[in-house]
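Below: the structure, in structure tokens.
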Amino acid sequence: MRKGNPSQLRLLAGAVSLLALSAAAPAASAQAVLDEIIVTATKRAENQQQVPVSVGTISDDKLTSVMSGGVDLLALSAQVPSLYAESTFARTFPRFYIRGLGNSDFDLNSTQPVGLVIDEVVQENPLLRGFPIFDTERVEVLRGPQGTLFGRNTPAGTISFVSKKPTQETEGYLSASYGRKNTIGAEGAVGGALIDGVLSARLSMKYDRKDNFIDNTFTGEKDAIGGFSETAARLQLMYEKGPLTALFNAHARDLDGSARVFVANAITKGSNNLSSTFSRNAVFQNGQNDLDVSSQGGSLKLEYDFDGLLLTSITGYETADVYTRGDIDGGVAGRGPGFVPFDSETADALPDHAQWTQELRLSNADGERFRWQTGLFYFNEDVTAYGYAYGNASDPRNIFVFTDSRQETKTWAVFGQASYDLTEQVVLTGGVRYNDEEKDFSVVRTMPGVPGSTTGGASLSDGQVTWDVALTYKATDDINLFTRVANGYRAPSIQSRPLFYFGPNINRDALSIAKAETLMSYEAGIKSNFWERKARLNVTAFYTDINNQQFTAVGGSSNNNTLINADGGEGYGFEAELELLPTDNLLLTGGLSYNHTEIQDKTLRIPVCGGGCTVTDPVVNGFAQLDGNSFPNAPKWILSATARYGIPVSSGEVYVFTDWNYRSKVNFFLYTSKEFYSDSKLEGGLKLGYVSDDEKFGVAVFGRNITNEKSLEGAIDFNNLTGIVNEAPFYGVEITSKF
């Protein structure tokens with residue numbers, strides 16, 4: 001694998017220098033100003049520069065570029081400071097990390113410390129989180145605990161996706177693209193008034209497909225896996241009359257494709273270099289590969305204005321049906337590539353899932369000196385998950401072990417938050433929330449041909465208070481200083497992975513429970529506009545103290561998935577974001593973050609790899625000591641930069657857009673080794689296009705990963721040195737039209 005090399009460092013230094021030079025010498029002739037960014041981080045529409053929270057946003061224009069070529073949500077990784085994403089699934093189970101906090105758990109009932117919200121409805125199950133991005137107004141990344149307004153399981157922060165809403169104006173767009181590996185993409189939206197002044201609608205759709213392109217040299221099948229076909233749609237209806245506003249949202253997704261492709265012994269023992277036999281376009285496997293996802297949902301948001309008091313009700317329903325199967329060892333036992341000690345082929349299914357949410361919120365009018373909101377929240381999720389291990393020659397379906405688990409979670413909360421203008425310059429904001437949760441889990445394991453079954457289960461209940469306090473000082477019309485103290489928590493978790501467990505007591509030996517994780521965060525920052533609002537700079541520094549931090553010991557010699565609690569964890573760092581408009585035709589953006597993370601537990605130890613890796617932690621009786629290690633998948637440095645330059649022509653504009661993101665080294669597991677980590681990675685994209693003055697016609701050529709960066713993105717550690725790599729370079733052409 002290519003390591004961080006001098007050319008990458010020079011390119012990074014050049015990007016930083018470009019931003020610094022632009023900041024130092026703005027063009028006096030520029031007439032345009034930066035657009036105001038409105039966010040809903042406080043569940044009110046507010047200027048991003050006035051919100052006492054570290055917020056990163058990804059605009060529609062940037063999303064259009066970075067999400068081109070049929071990529072999934074992992075493309076958001078490192079697009080804003082302190083945001084990272086990875087997955088051992090494909091297109092359906094993104095795992096997000098903010099400020100180094102995340103969860104590498106791969107089970108279908110796992111909880112994450114990063115909340116994900118789509119159109120104001122929380123997406124709790126990890127298999128709901130891969131819903132594709134299209135017709136989106138913006139993505140908001142709220143860093144730090146969001147426990148007051150967004151509830152439990154948000155100690156690291158919240159990612160909020162905001163779709164474009166219906167309006168009375170008839171409008172829409174169409175976009176179609178074609179690229180490598182016969183990749184076809186199409187999306188569009190149309191909306192407008194159904195009843196003048198009363199009812200409007202917006203229909204949005206997206207379609208992506210890619211041909212299979214990976215050969216299986218074991219079976220001799222050409223183009224066996226690697227492709228997919230995905231369709232998603234959203235229908236919104238907006239009713240507005242008098243004091244009542246109602247927004248109905250119905251959405252659905254259907255995906256048929258390949259699961260994550262694992263490659264046996266892709267990593268060279270004693271280093272993290274890719275082996276000489278590794279190829280993105282070929283595997284040697286005797287297992288099956290399949291991914292099917294179907295999800296549907298809907299929400300109804302009602303708002304009624306009682307002469308300055310706004311009552312808001314948001315009802316949401318989500319359901320998903322998922323099946324995924326993969327060759328986990330990545331090769332063939334006894335035949336390679338390299339040494340593969342045994343075959344491992346597993347599948348997971350979500351045959352029955354339902355999530356209901358209800359939020360009621362009462363708030364007073366914007367603009368008041370004393371602004372407040374209070375509310376109630378209810379959450380109910382019922383999940384049935386199947387697990388399969390294959391390898392039983394006597395069973396017609398080849399099933400060796402089958403597990404049937406069910407988890408029901410019920411949560412309710414009451415919350416309130418208020419802001420008070422102490423003076424014209426000083427604003428005090430505070431909030432508190434009480435969360436109550438009950439969770440019931442049961443699992444049954446059977447083995448075809450073996451009489452009887454093994455059962456296990458547990459019930460948990462927990463109540464927690466979360467709160468935050470912030471102070472904002474308006475130093476000038478363009479400079480705001482803020483400081484914030486907040487706490488958050490992740491609810492207790494239950495996990496059972498008894499596919500590879502053969503004892504009589506699942507409760508004792510294969511069922512793990514993690515206590516609630518709590519977190520305190522201290523941060524201070526500055527948000528500023530300058531150069532007559534042609535530049536914007538936001539900087540936040542933070543310190544995080546974590547108690548009973550939940551981790552997942554993934555894989556290891558037993559290939560299990562075990563929840564553990566560390567006594568504590570620590571994180572500190574900063575985020576800086578800069579936007580510059582040196583001329584009317586040139587827009588530059590840059591983001592930089594530093595995140596130090598450290599596990600603090602002198603007695604915590606876990607089993608190490610079973611695949612022949614070289615562990616660098618102290619090991620006692622096969623258990624690695626974790627004290628002092630960084631969190632898994634927590635890069636210290638993230639740098640992102642974009643530049644858009646437009647050249648006016650007689651009928652429109654020719655433009656070039658480029659985006660780059662860099663992240664430093666990441667470790668894949670809780671223990672450290674010479675193999676299971678990724679060196680620093682720098683990826684870039686380029687788009688060159690033309691758009692007419694009325695935007696009715698646009699054409700562009702684009703490329704992703706244009707420098708052909710080949711980097712490890714993950715690994716499997718229980719069998720051999722199995723690796724996962726990033727997406728290959730992609731090039732395509734796109735045609736767009738707005739009306």
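Starting from 1 in every chain, residues are counted up; chains themselves are A, B, ... following the order of the structure tokens, and ligands are numbered from 1 as listed.
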Quiz prompt | Selection: 9 Å around Leu34 in chain A, only C-alpha atoms, excl. self and same-chain fewer than 2 positions, as number ranges by chain | solution = A: 32, 36-37, 533-536, 579-581, 587
Put those residues in a file: C-alpha atoms, as a PDB file, in the first residue's frame.
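Ended up saving to selection04.pdb:
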ATOM      1  CA  ALA A  32     -20.305  39.318  -4.375  1.00  0.00           C
ATOM      2  CA  GLU A  36     -25.741  33.165   4.640  1.00  0.00           C
ATOM      3  CA  ILE A  37     -25.950  29.559   5.902  1.00  0.00           C
ATOM      4  CA  ARG A 533     -18.432  39.280   4.143  1.00  0.00           C
ATOM      5  CA  LYS A 534     -16.268  37.820   1.410  1.00  0.00           C
ATOM      6  CA  ALA A 535     -14.623  35.546   3.972  1.00  0.00           C
ATOM      7  CA  ARG A 536     -15.816  33.401   6.849  1.00  0.00           C
ATOM      8  CA  GLU A 579     -14.616  30.131   3.129  1.00  0.00           C
ATOM      9  CA  LEU A 580     -13.182  32.745   0.770  1.00  0.00           C
ATOM     10  CA  LEU A 581     -14.625  34.663  -2.166  1.00  0.00           C
ATOM     11  CA  LEU A 587     -14.883  30.351  -4.277  1.00  0.00           C
TER      12      LEU A 587
END
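Using only C-alpha atoms, the protein and nucleic acid residues lying no more than 12 Å from Asp60 in chain A, apart from those fewer than 5 places from it along its own chain, are A:Ile37, A:Ser65, A:Val66, A:Met67, A:Ile133, A:Phe134, A:Asp135, A:Thr136, A:Glu137, A:Arg138, A:Val139, A:Glu140, A:Phe161, A:Val162, A:Ser163, A:Lys164.
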Can you spit out the residues from that selection as a PDB file, in the first residue's frame, using C-alpha atoms?
ATOM      1  CA  ILE A  37     -25.950  29.559   5.902  1.00  0.00           C
ATOM      2  CA  SER A  65     -19.784  16.723  -6.946  1.00  0.00           C
ATOM      3  CA  VAL A  66     -18.580  14.444  -4.150  1.00  0.00           C
ATOM      4  CA  MET A  67     -21.547  12.056  -4.511  1.00  0.00           C
ATOM      5  CA  ILE A 133     -28.600  11.360  -0.872  1.00  0.00           C
ATOM      6  CA  PHE A 134     -30.586  13.152  -3.573  1.00  0.00           C
ATOM      7  CA  ASP A 135     -32.514  16.407  -3.938  1.00  0.00           C
ATOM      8  CA  THR A 136     -30.886  17.506  -0.682  1.00  0.00           C
ATOM      9  CA  GLU A 137     -30.653  21.097   0.485  1.00  0.00           C
ATOM     10  CA  ARG A 138     -27.723  20.529   2.851  1.00  0.00           C
ATOM     11  CA  VAL A 139     -26.091  18.168   5.332  1.00  0.00           C
ATOM     12  CA  GLU A 140     -25.461  19.495   8.845  1.00  0.00           C
ATOM     13  CA  PHE A 161     -29.904  15.484   6.207  1.00  0.00           C
ATOM     14  CA  VAL A 162     -32.314  18.169   5.021  1.00  0.00           C
ATOM     15  CA  SER A 163     -34.270  17.531   1.814  1.00  0.00           C
ATOM     16  CA  LYS A 164     -35.511  20.293  -0.454  1.00  0.00           C
TER      17      LYS A 164
END
Self-check item: All residues 7 Å or closer to range 317-332 of chain A, only C-alpha atoms, same chain fewer than 4 positions away omitted, as a count of residues only
Solution: 41
Practice problem: Do a neighbour search on Lys602 in chain A at 8 Å with only C-alpha atoms, toss out local chain neighbours closer than 6 positions, and write the hits as an NGL selection string. | Solution: :A and (625-627)
Exercise. Please provide as an MDAnalysis selection string all residues within 8 Å of Asp211 in chain A, with the sequence filter that same-chain residues fewer than 2 positions apart are discarded (counting only C-alpha atoms).
Key: chainID A and resid 181:183 209 213 223 226:228
For the helix (DSSP H, G or I) assignment from backbone DSSP, which residues of range 431-558 of chain A qualify? Please present them as a short mmCIF file (atom, residue, chain, number, x, y, z; two decimals) with N, CA and C atoms, in the first residue's frame.
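After the write, result36.cif holds the following:
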data_model
loop_
_atom_site.label_atom_id
_atom_site.label_comp_id
_atom_site.auth_asym_id
_atom_site.auth_seq_id
_atom_site.Cartn_x
_atom_site.Cartn_y
_atom_site.Cartn_z
N PRO A 498 -23.70 -15.63 18.78
CA PRO A 498 -23.42 -17.04 19.10
C PRO A 498 -23.23 -17.94 17.88
N LEU A 499 -22.98 -17.37 16.70
CA LEU A 499 -22.77 -18.21 15.52
C LEU A 499 -21.59 -19.16 15.73
N PHE A 500 -20.55 -18.68 16.41
CA PHE A 500 -19.34 -19.48 16.55
C PHE A 500 -19.12 -19.91 18.00
N ILE A 506 -25.65 -19.38 26.59
CA ILE A 506 -25.46 -18.16 25.81
C ILE A 506 -25.38 -16.95 26.73
N ASN A 507 -26.23 -16.93 27.75
CA ASN A 507 -26.24 -15.78 28.65
C ASN A 507 -24.87 -15.54 29.28
N ARG A 508 -24.20 -16.61 29.64
CA ARG A 508 -22.93 -16.47 30.34
C ARG A 508 -21.76 -16.25 29.38
N ASP A 509 -21.77 -16.97 28.26
CA ASP A 509 -20.58 -17.03 27.44
C ASP A 509 -20.67 -16.31 26.09
#
Exercise: range 184-194 of chain A partners within 7 Å, only C-alpha atoms, chain neighbours under 6 positions left out, as a short mmCIF file (atom, residue, chain, number, x, y, z; two decimals) with C-alpha atoms, in the first residue's frame:
data_model
loop_
_atom_site.label_atom_id
_atom_site.label_comp_id
_atom_site.auth_asym_id
_atom_site.auth_seq_id
_atom_site.Cartn_x
_atom_site.Cartn_y
_atom_site.Cartn_z
CA GLY A 70 -22.82 6.19 -7.87
CA ASP A 135 -32.51 16.41 -3.94
CA PRO A 166 -42.13 21.70 -1.83
CA THR A 167 -42.86 25.29 -2.82
CA GLN A 168 -45.63 27.04 -4.71
CA GLU A 169 -43.22 27.73 -7.56
CA THR A 170 -43.08 25.17 -10.34
CA GLU A 171 -39.50 23.97 -10.44
CA GLY A 172 -37.33 20.91 -10.78
CA TYR A 173 -34.22 19.40 -12.27
CA LEU A 174 -32.96 16.39 -14.20
CA SER A 175 -29.50 14.88 -14.10
CA ALA A 176 -28.04 11.89 -15.93
CA SER A 177 -24.50 10.51 -15.88
CA TYR A 178 -22.48 7.71 -17.42
CA SER A 200 -47.79 22.08 -3.02
CA ALA A 201 -45.92 18.89 -3.82
CA ARG A 202 -42.43 17.66 -4.70
CA LEU A 203 -41.50 14.28 -6.18
CA SER A 204 -37.83 13.28 -6.16
CA MET A 205 -36.26 10.12 -7.58
CA LYS A 206 -32.82 8.59 -7.95
CA TYR A 207 -31.49 5.60 -9.90
CA ASP A 208 -27.93 4.24 -9.94
CA ARG A 209 -26.46 1.07 -11.38
CA LYS A 210 -23.05 -0.41 -12.03
#
Practice problem: State, in Å with one decimal place, the distance from CA of Ala566 in chain A to CA of Asp617 in chain A. | Solution: 16.5 Å
Exercise. Taking the DSSP assignment computed from this structure's backbone, write out as JSON, numbers by chain all residues of range 386-609 of chain A that belong to strand (DSSP E).
Key: {"A": [386, 387, 388, 389, 390, 399, 400, 401, 402, 403, 404, 405, 406, 407, 408, 409, 410, 411, 412, 413, 414, 415, 416, 417, 418, 419, 420, 421, 426, 427, 428, 429, 430, 431, 432, 433, 434, 435, 436, 437, 438, 439, 440, 441, 442, 443, 444, 445, 446, 447, 450, 451, 452, 453, 454, 455, 456, 457, 458, 459, 460, 461, 462, 463, 464, 465, 466, 467, 468, 469, 470, 471, 472, 473, 474, 475, 476, 479, 480, 481, 482, 483, 484, 485, 486, 487, 488, 489, 490, 493, 494, 495, 496, 511, 512, 513, 514, 517, 518, 519, 520, 521, 522, 523, 524, 525, 526, 527, 528, 529, 530, 535, 536, 537, 538, 539, 540, 541, 542, 543, 544, 545, 546, 547, 548, 549, 550, 551, 552, 553, 554, 555, 560, 561, 562, 563, 564, 565, 566, 567, 568, 569, 570, 571, 572, 573, 574, 575, 576, 577, 578, 579, 580, 581, 582, 583, 586, 587, 588, 589, 590, 591, 592, 593, 594, 595, 596, 597, 598, 599, 600, 605, 606, 607]}
Quiz item: Looking at A:Ile58, A:Ile716, A:Ile494, A:Met520, which one is nearest to Tyr677 in chain A, with distances taken over only C-alpha atoms?
Solution: A:Ile716
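Checking A:Ala156, A:Ala282, A:Ile606, A:Ala643 one by one against Gly488 in chain A, counting only C-alpha atoms, you find the shortest gap at A:Ala156.
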Exercise. Find the spatial neighbours of range 703-710 of chain A, counting only C-alpha atoms, within a cut-off of 12 Å - ignore same-chain residues fewer than 2 positions away - and output them as a ChimeraX atom specification.
Key: /A:1-5,7-8,11,65-71,75,177-180,273-274,278-280,656-662,678-689,700-701,712-713,724-734
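Counting from CA of Asp72 in chain A, the distance to CA of Asn667 in chain A is 22.3 Å.
Ranking A:Val539, A:Leu578, A:Ala385, A:Ile195 by their shortest atom-to-atom distance to Ser496 in chain A, with only C-alpha atoms included, puts A:Ala385 first.
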Self-check item: Best match for closeness to Glu381 in chain A among A:Asn249, A:Glu240, A:Asn125, A:Ala553, counting only C-alpha atoms
Solution: A:Asn125
